[in-house]
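Reading through the structure tokens given below for one structure.
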Amino acid sequence: GGLSWSKPVSIDPSSGVVGSSRATGITLRTGPHRGRLVVCMRRICKNSCSGPWQSYTAYSDDHGASWHASPDLAEGSTECQVTELSSGDVYMSIRPYKELLARSHGRRASAISTDGGASFGEVKFEPCLLYTSPSPRDS
């Protein structure tokens, strides 16, 4: 894997897929969305602006020929990663920032998708996943 690459393809901004990612993507292995590509993304501006910062997923059902975006998660969600659970649900682990960080009590945030990453439930805080190394930009 990764020995050769196709030519880059522009993603139409009307897809809603804009922003950046510090995450790797996954290919769903089970359920009705088997084969779907899912990557965790974040809508941000440069760190010097006031936001908003929001996580979302970009997903493709045609091997990357076209992309779609999930709705944004809670404001203050930022760097994230996704994984597929044994149930077929998609779990997103989220670094809280600004608004979300203020409510986190030092815990990471998470959200679950039951539709292959097309949408996510409420962002919750994980009692056992502590966020102990905040960036100097978090304050």
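Chain labels run A, B, ... following the order of the structure tokens; each chain numbers its residues from 1, and ligands are numbered from 1 in the order shown.
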
Open item on the list: Which residues are near stretch 86-89 of chain A? Cut-off 12 Å, only C-alpha atoms, ignore same chain within fewer than 5 positions. Put them as a list of chain:residue names.
Closed with: A:Thr27, A:Leu28, A:Arg29, A:Thr30, A:Gly31, A:Pro32, A:His33, A:Arg34, A:Gly35, A:Arg36, A:Val38, A:Ala111, A:Ile112, A:Ser113, A:Thr114, A:Asp115, A:Gly116, A:Gly117, A:Ala118, A:Ser119, A:Phe120, A:Gly121

Please, could you write that set of residues out with all heavy atoms as a compact mmCIF listing (two decimals), in the first residue's frame?
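Result written to again_26.txt:
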# COMPACT_ATOMS: atom_id res chain seq x y z
N THR A 27 -11.67 2.73 6.63
CA THR A 27 -12.63 2.11 5.73
C THR A 27 -13.53 1.24 6.58
O THR A 27 -13.04 0.35 7.30
CB THR A 27 -11.92 1.24 4.67
OG1 THR A 27 -10.99 2.05 3.95
CG2 THR A 27 -12.92 0.63 3.70
N LEU A 28 -14.83 1.50 6.55
CA LEU A 28 -15.75 0.71 7.38
C LEU A 28 -15.79 -0.73 6.88
O LEU A 28 -15.81 -0.98 5.67
CB LEU A 28 -17.15 1.34 7.36
CG LEU A 28 -17.22 2.76 7.91
CD1 LEU A 28 -18.67 3.26 7.92
CD2 LEU A 28 -16.62 2.86 9.30
N ARG A 29 -15.78 -1.67 7.82
CA ARG A 29 -15.68 -3.09 7.49
C ARG A 29 -16.98 -3.86 7.65
O ARG A 29 -17.08 -4.98 7.16
CB ARG A 29 -14.62 -3.74 8.38
CG ARG A 29 -13.25 -3.21 8.14
CD ARG A 29 -12.27 -3.82 9.12
NE ARG A 29 -10.92 -3.55 8.71
CZ ARG A 29 -9.94 -4.43 8.77
NH1 ARG A 29 -10.15 -5.63 9.25
NH2 ARG A 29 -8.74 -4.10 8.36
N THR A 30 -17.95 -3.30 8.38
CA THR A 30 -19.16 -4.05 8.64
C THR A 30 -20.39 -3.20 8.39
O THR A 30 -20.31 -1.98 8.27
CB THR A 30 -19.22 -4.54 10.11
OG1 THR A 30 -19.19 -3.40 10.98
CG2 THR A 30 -18.05 -5.44 10.45
N GLY A 31 -21.53 -3.83 8.35
CA GLY A 31 -22.81 -3.14 8.30
C GLY A 31 -23.18 -2.59 6.93
O GLY A 31 -22.50 -2.86 5.92
N PRO A 32 -24.24 -1.81 6.89
CA PRO A 32 -24.77 -1.32 5.62
C PRO A 32 -23.85 -0.33 4.90
O PRO A 32 -24.02 -0.09 3.72
CB PRO A 32 -26.09 -0.66 6.01
CG PRO A 32 -25.94 -0.31 7.44
CD PRO A 32 -25.05 -1.37 8.03
N HIS A 33 -22.86 0.21 5.61
CA HIS A 33 -21.94 1.19 5.01
C HIS A 33 -20.56 0.59 4.77
O HIS A 33 -19.59 1.33 4.60
CB HIS A 33 -21.86 2.44 5.88
CG HIS A 33 -23.20 3.05 6.12
ND1 HIS A 33 -23.90 3.71 5.15
CD2 HIS A 33 -23.99 3.06 7.21
CE1 HIS A 33 -25.05 4.12 5.62
NE2 HIS A 33 -25.13 3.73 6.88
N ARG A 34 -20.49 -0.73 4.71
CA ARG A 34 -19.23 -1.43 4.47
C ARG A 34 -18.55 -0.86 3.22
O ARG A 34 -19.18 -0.64 2.19
CB ARG A 34 -19.51 -2.92 4.27
CG ARG A 34 -18.28 -3.74 4.02
CD ARG A 34 -18.67 -5.19 3.72
NE ARG A 34 -17.51 -5.92 3.32
CZ ARG A 34 -16.87 -6.79 4.08
NH1 ARG A 34 -17.34 -7.05 5.29
NH2 ARG A 34 -15.82 -7.41 3.66
N GLY A 35 -17.25 -0.54 3.36
CA GLY A 35 -16.48 0.02 2.25
C GLY A 35 -16.44 1.54 2.25
O GLY A 35 -15.65 2.13 1.51
N ARG A 36 -17.25 2.19 3.09
CA ARG A 36 -17.26 3.66 3.15
C ARG A 36 -15.93 4.16 3.70
O ARG A 36 -15.42 3.65 4.69
CB ARG A 36 -18.41 4.14 4.02
CG ARG A 36 -18.41 5.67 4.24
CD ARG A 36 -19.59 6.13 5.03
NE ARG A 36 -20.75 6.18 4.16
CZ ARG A 36 -21.97 6.54 4.55
NH1 ARG A 36 -22.19 6.87 5.81
NH2 ARG A 36 -22.96 6.55 3.69
N VAL A 38 -14.09 7.06 5.73
CA VAL A 38 -14.48 8.08 6.71
C VAL A 38 -13.20 8.70 7.27
O VAL A 38 -12.29 8.00 7.69
CB VAL A 38 -15.29 7.46 7.88
CG1 VAL A 38 -15.72 8.53 8.87
CG2 VAL A 38 -16.50 6.68 7.37
N ALA A 111 -18.18 11.27 20.48
CA ALA A 111 -19.52 11.20 19.90
C ALA A 111 -19.62 9.91 19.11
O ALA A 111 -18.61 9.36 18.66
CB ALA A 111 -19.79 12.40 19.00
N ILE A 112 -20.84 9.41 18.95
CA ILE A 112 -21.10 8.15 18.26
C ILE A 112 -21.98 8.40 17.04
O ILE A 112 -22.95 9.15 17.12
CB ILE A 112 -21.81 7.13 19.18
CG1 ILE A 112 -20.97 6.81 20.41
CG2 ILE A 112 -22.21 5.87 18.44
CD1 ILE A 112 -19.85 5.85 20.19
N SER A 113 -21.65 7.74 15.94
CA SER A 113 -22.48 7.76 14.74
C SER A 113 -23.06 6.37 14.54
O SER A 113 -22.33 5.38 14.58
CB SER A 113 -21.65 8.13 13.52
OG SER A 113 -22.41 7.95 12.33
N THR A 114 -24.36 6.29 14.32
CA THR A 114 -25.00 5.00 14.04
C THR A 114 -25.32 4.86 12.55
O THR A 114 -25.93 3.88 12.14
CB THR A 114 -26.30 4.85 14.86
OG1 THR A 114 -27.19 5.93 14.53
CG2 THR A 114 -26.00 4.84 16.35
N ASP A 115 -24.88 5.84 11.74
CA ASP A 115 -25.17 5.79 10.30
C ASP A 115 -23.90 5.91 9.45
O ASP A 115 -23.88 6.55 8.41
CB ASP A 115 -26.19 6.87 9.91
CG ASP A 115 -25.73 8.28 10.26
OD1 ASP A 115 -24.56 8.47 10.68
OD2 ASP A 115 -26.55 9.21 10.10
N GLY A 116 -22.84 5.28 9.92
CA GLY A 116 -21.61 5.23 9.14
C GLY A 116 -20.85 6.54 9.04
O GLY A 116 -20.09 6.74 8.09
N GLY A 117 -21.02 7.43 10.00
CA GLY A 117 -20.29 8.69 10.02
C GLY A 117 -20.99 9.83 9.31
O GLY A 117 -20.45 10.92 9.20
N ALA A 118 -22.23 9.60 8.85
CA ALA A 118 -22.98 10.66 8.17
C ALA A 118 -23.52 11.69 9.16
O ALA A 118 -23.77 12.83 8.79
CB ALA A 118 -24.11 10.06 7.34
N SER A 119 -23.72 11.29 10.40
CA SER A 119 -24.16 12.21 11.46
C SER A 119 -23.72 11.62 12.79
O SER A 119 -23.41 10.42 12.88
CB SER A 119 -25.67 12.42 11.43
OG SER A 119 -26.35 11.22 11.74
N PHE A 120 -23.70 12.45 13.83
CA PHE A 120 -23.25 12.02 15.15
C PHE A 120 -24.24 12.46 16.20
O PHE A 120 -24.90 13.48 16.07
CB PHE A 120 -21.86 12.59 15.47
CG PHE A 120 -20.77 11.88 14.74
CD1 PHE A 120 -20.50 12.20 13.41
CD2 PHE A 120 -20.05 10.87 15.33
CE1 PHE A 120 -19.52 11.53 12.70
CE2 PHE A 120 -19.07 10.19 14.64
CZ PHE A 120 -18.80 10.52 13.32
N GLY A 121 -24.30 11.69 17.27
CA GLY A 121 -25.11 12.05 18.42
C GLY A 121 -24.42 13.13 19.24
O GLY A 121 -23.40 13.70 18.84

Open item on the list: Taking only stretch 3-128 of chain A into account, list the residues labelled strand (DSSP E) by DSSP (computed from the backbone), as a PyMOL selection string.
Closed with: chain A and resi 26-27+37-43+54-60+68-69+77-84+90-96+107-113+124-128

Take the residues from that selection and write them out as a compact mmCIF listing (two decimals), in the first residue's frame, keeping N, CA and C atoms.
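Just written: result24.txt:
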# COMPACT_ATOMS: atom_id res chain seq x y z
N ILE A 26 -10.44 5.90 7.83
CA ILE A 26 -10.72 4.48 7.99
C ILE A 26 -11.65 4.02 6.87
N THR A 27 -11.67 2.73 6.63
CA THR A 27 -12.63 2.11 5.73
C THR A 27 -13.53 1.24 6.58
N LEU A 37 -15.38 5.18 3.09
CA LEU A 37 -14.20 5.88 3.60
C LEU A 37 -14.69 6.97 4.54
N VAL A 38 -14.09 7.06 5.73
CA VAL A 38 -14.48 8.08 6.71
C VAL A 38 -13.20 8.70 7.27
N VAL A 39 -13.15 10.03 7.26
CA VAL A 39 -12.01 10.73 7.83
C VAL A 39 -12.53 11.85 8.73
N CYS A 40 -11.89 12.03 9.85
CA CYS A 40 -12.27 13.07 10.80
C CYS A 40 -11.65 14.39 10.33
N MET A 41 -12.46 15.43 10.33
CA MET A 41 -12.03 16.75 9.86
C MET A 41 -12.34 17.79 10.93
N ARG A 42 -11.83 18.99 10.74
CA ARG A 42 -12.16 20.09 11.65
C ARG A 42 -12.27 21.39 10.87
N ARG A 43 -13.28 22.14 11.21
CA ARG A 43 -13.46 23.47 10.62
C ARG A 43 -12.80 24.45 11.59
N GLN A 54 -14.96 23.35 14.93
CA GLN A 54 -15.92 22.24 15.00
C GLN A 54 -15.41 21.03 14.23
N SER A 55 -15.57 19.86 14.83
CA SER A 55 -15.23 18.61 14.17
C SER A 55 -16.39 18.15 13.31
N TYR A 56 -16.07 17.37 12.30
CA TYR A 56 -17.07 16.70 11.47
C TYR A 56 -16.37 15.57 10.73
N THR A 57 -17.09 14.77 9.98
CA THR A 57 -16.45 13.76 9.16
C THR A 57 -16.70 14.05 7.69
N ALA A 58 -15.73 13.69 6.88
CA ALA A 58 -15.89 13.62 5.43
C ALA A 58 -16.00 12.14 5.11
N TYR A 59 -16.93 11.78 4.24
CA TYR A 59 -17.09 10.37 3.91
C TYR A 59 -17.39 10.18 2.43
N SER A 60 -16.99 9.02 1.93
CA SER A 60 -17.16 8.70 0.52
C SER A 60 -17.63 7.26 0.38
N HIS A 68 -18.80 13.72 0.96
CA HIS A 68 -19.91 14.36 1.66
C HIS A 68 -19.43 14.72 3.06
N ALA A 69 -20.12 15.63 3.70
CA ALA A 69 -19.74 16.07 5.05
C ALA A 69 -20.88 15.82 6.02
N SER A 77 -15.17 21.60 19.47
CA SER A 77 -14.58 20.30 19.10
C SER A 77 -13.52 20.58 18.05
N THR A 78 -12.41 19.88 18.11
CA THR A 78 -11.32 20.16 17.17
C THR A 78 -10.64 18.85 16.78
N GLU A 79 -9.33 18.74 16.92
CA GLU A 79 -8.60 17.56 16.45
C GLU A 79 -9.30 16.30 16.92
N CYS A 80 -9.44 15.36 16.01
CA CYS A 80 -10.24 14.18 16.32
C CYS A 80 -9.72 12.97 15.56
N GLN A 81 -10.24 11.83 15.92
CA GLN A 81 -9.96 10.57 15.22
C GLN A 81 -11.20 9.71 15.30
N VAL A 82 -11.40 8.89 14.29
CA VAL A 82 -12.55 7.99 14.26
C VAL A 82 -12.08 6.54 14.22
N THR A 83 -12.93 5.67 14.74
CA THR A 83 -12.70 4.24 14.65
C THR A 83 -14.06 3.55 14.53
N GLU A 84 -14.06 2.38 13.94
CA GLU A 84 -15.29 1.61 13.84
C GLU A 84 -15.37 0.65 15.02
N VAL A 90 -19.62 4.24 14.46
CA VAL A 90 -18.37 4.98 14.34
C VAL A 90 -18.20 5.83 15.59
N TYR A 91 -17.07 5.68 16.25
CA TYR A 91 -16.73 6.41 17.47
C TYR A 91 -15.74 7.51 17.11
N MET A 92 -16.02 8.74 17.54
CA MET A 92 -15.10 9.85 17.33
C MET A 92 -14.56 10.31 18.69
N SER A 93 -13.24 10.33 18.81
CA SER A 93 -12.57 10.87 19.99
C SER A 93 -12.13 12.29 19.62
N ILE A 94 -12.41 13.25 20.52
CA ILE A 94 -12.25 14.66 20.19
C ILE A 94 -11.42 15.38 21.25
N ARG A 95 -10.48 16.21 20.80
CA ARG A 95 -9.76 17.10 21.71
C ARG A 95 -10.63 18.32 21.93
N PRO A 96 -11.01 18.58 23.17
CA PRO A 96 -11.84 19.77 23.43
C PRO A 96 -11.01 21.04 23.34
N ARG A 107 -11.35 16.21 30.65
CA ARG A 107 -11.63 14.94 29.96
C ARG A 107 -11.74 15.15 28.46
N ARG A 108 -11.41 14.11 27.68
CA ARG A 108 -11.62 14.15 26.24
C ARG A 108 -13.11 14.02 25.96
N ALA A 109 -13.49 14.46 24.78
CA ALA A 109 -14.89 14.37 24.37
C ALA A 109 -15.03 13.25 23.34
N SER A 110 -16.26 12.82 23.12
CA SER A 110 -16.53 11.78 22.12
C SER A 110 -17.95 11.91 21.60
N ALA A 111 -18.18 11.27 20.48
CA ALA A 111 -19.52 11.20 19.90
C ALA A 111 -19.62 9.91 19.11
N ILE A 112 -20.84 9.41 18.95
CA ILE A 112 -21.10 8.15 18.26
C ILE A 112 -21.98 8.40 17.04
N SER A 113 -21.65 7.74 15.94
CA SER A 113 -22.48 7.76 14.74
C SER A 113 -23.06 6.37 14.54
N LYS A 124 -20.19 13.99 24.22
CA LYS A 124 -20.14 13.70 25.65
C LYS A 124 -18.69 13.70 26.11
N PHE A 125 -18.49 13.77 27.41
CA PHE A 125 -17.14 13.73 27.97
C PHE A 125 -16.87 12.34 28.52
N GLU A 126 -15.66 11.86 28.25
CA GLU A 126 -15.26 10.51 28.65
C GLU A 126 -14.64 10.54 30.04
N PRO A 127 -15.28 9.88 31.03
CA PRO A 127 -14.77 9.95 32.40
C PRO A 127 -13.39 9.31 32.58
N CYS A 128 -13.02 8.37 31.71
CA CYS A 128 -11.74 7.67 31.87
C CYS A 128 -10.66 8.13 30.89

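When only C-alpha atoms are used to measure the gap to A:Tyr97, the shortest distance among A:Ala65, A:Ile44, A:Arg22, A:Ser4 belongs to A:Ile44.
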
TODO: Please measure the separation of atom CA of A:Val18 and atom CA of A:Leu3, giving the value in Å to one decimal.
DONE: 27.0 Å

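Proximity to A:Ser6 was assessed for A:Leu129, A:Leu73, A:Ala102, A:Gly64 counting only C-alpha atoms; the smallest distance is recorded for A:Gly64.
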
- [ ] May I have all residues of chain A that DSSP, computed from the backbone, assigns to helix (DSSP H, G or I), given as a count of residues only?
- [x] 12

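For the pair atom CA of A:Leu101 and atom CA of A:Val17, the separation is 24.5 Å.
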
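Across the model, the gap from atom CA of A:Val123 to atom CA of A:Arg103 is 11.5 Å.
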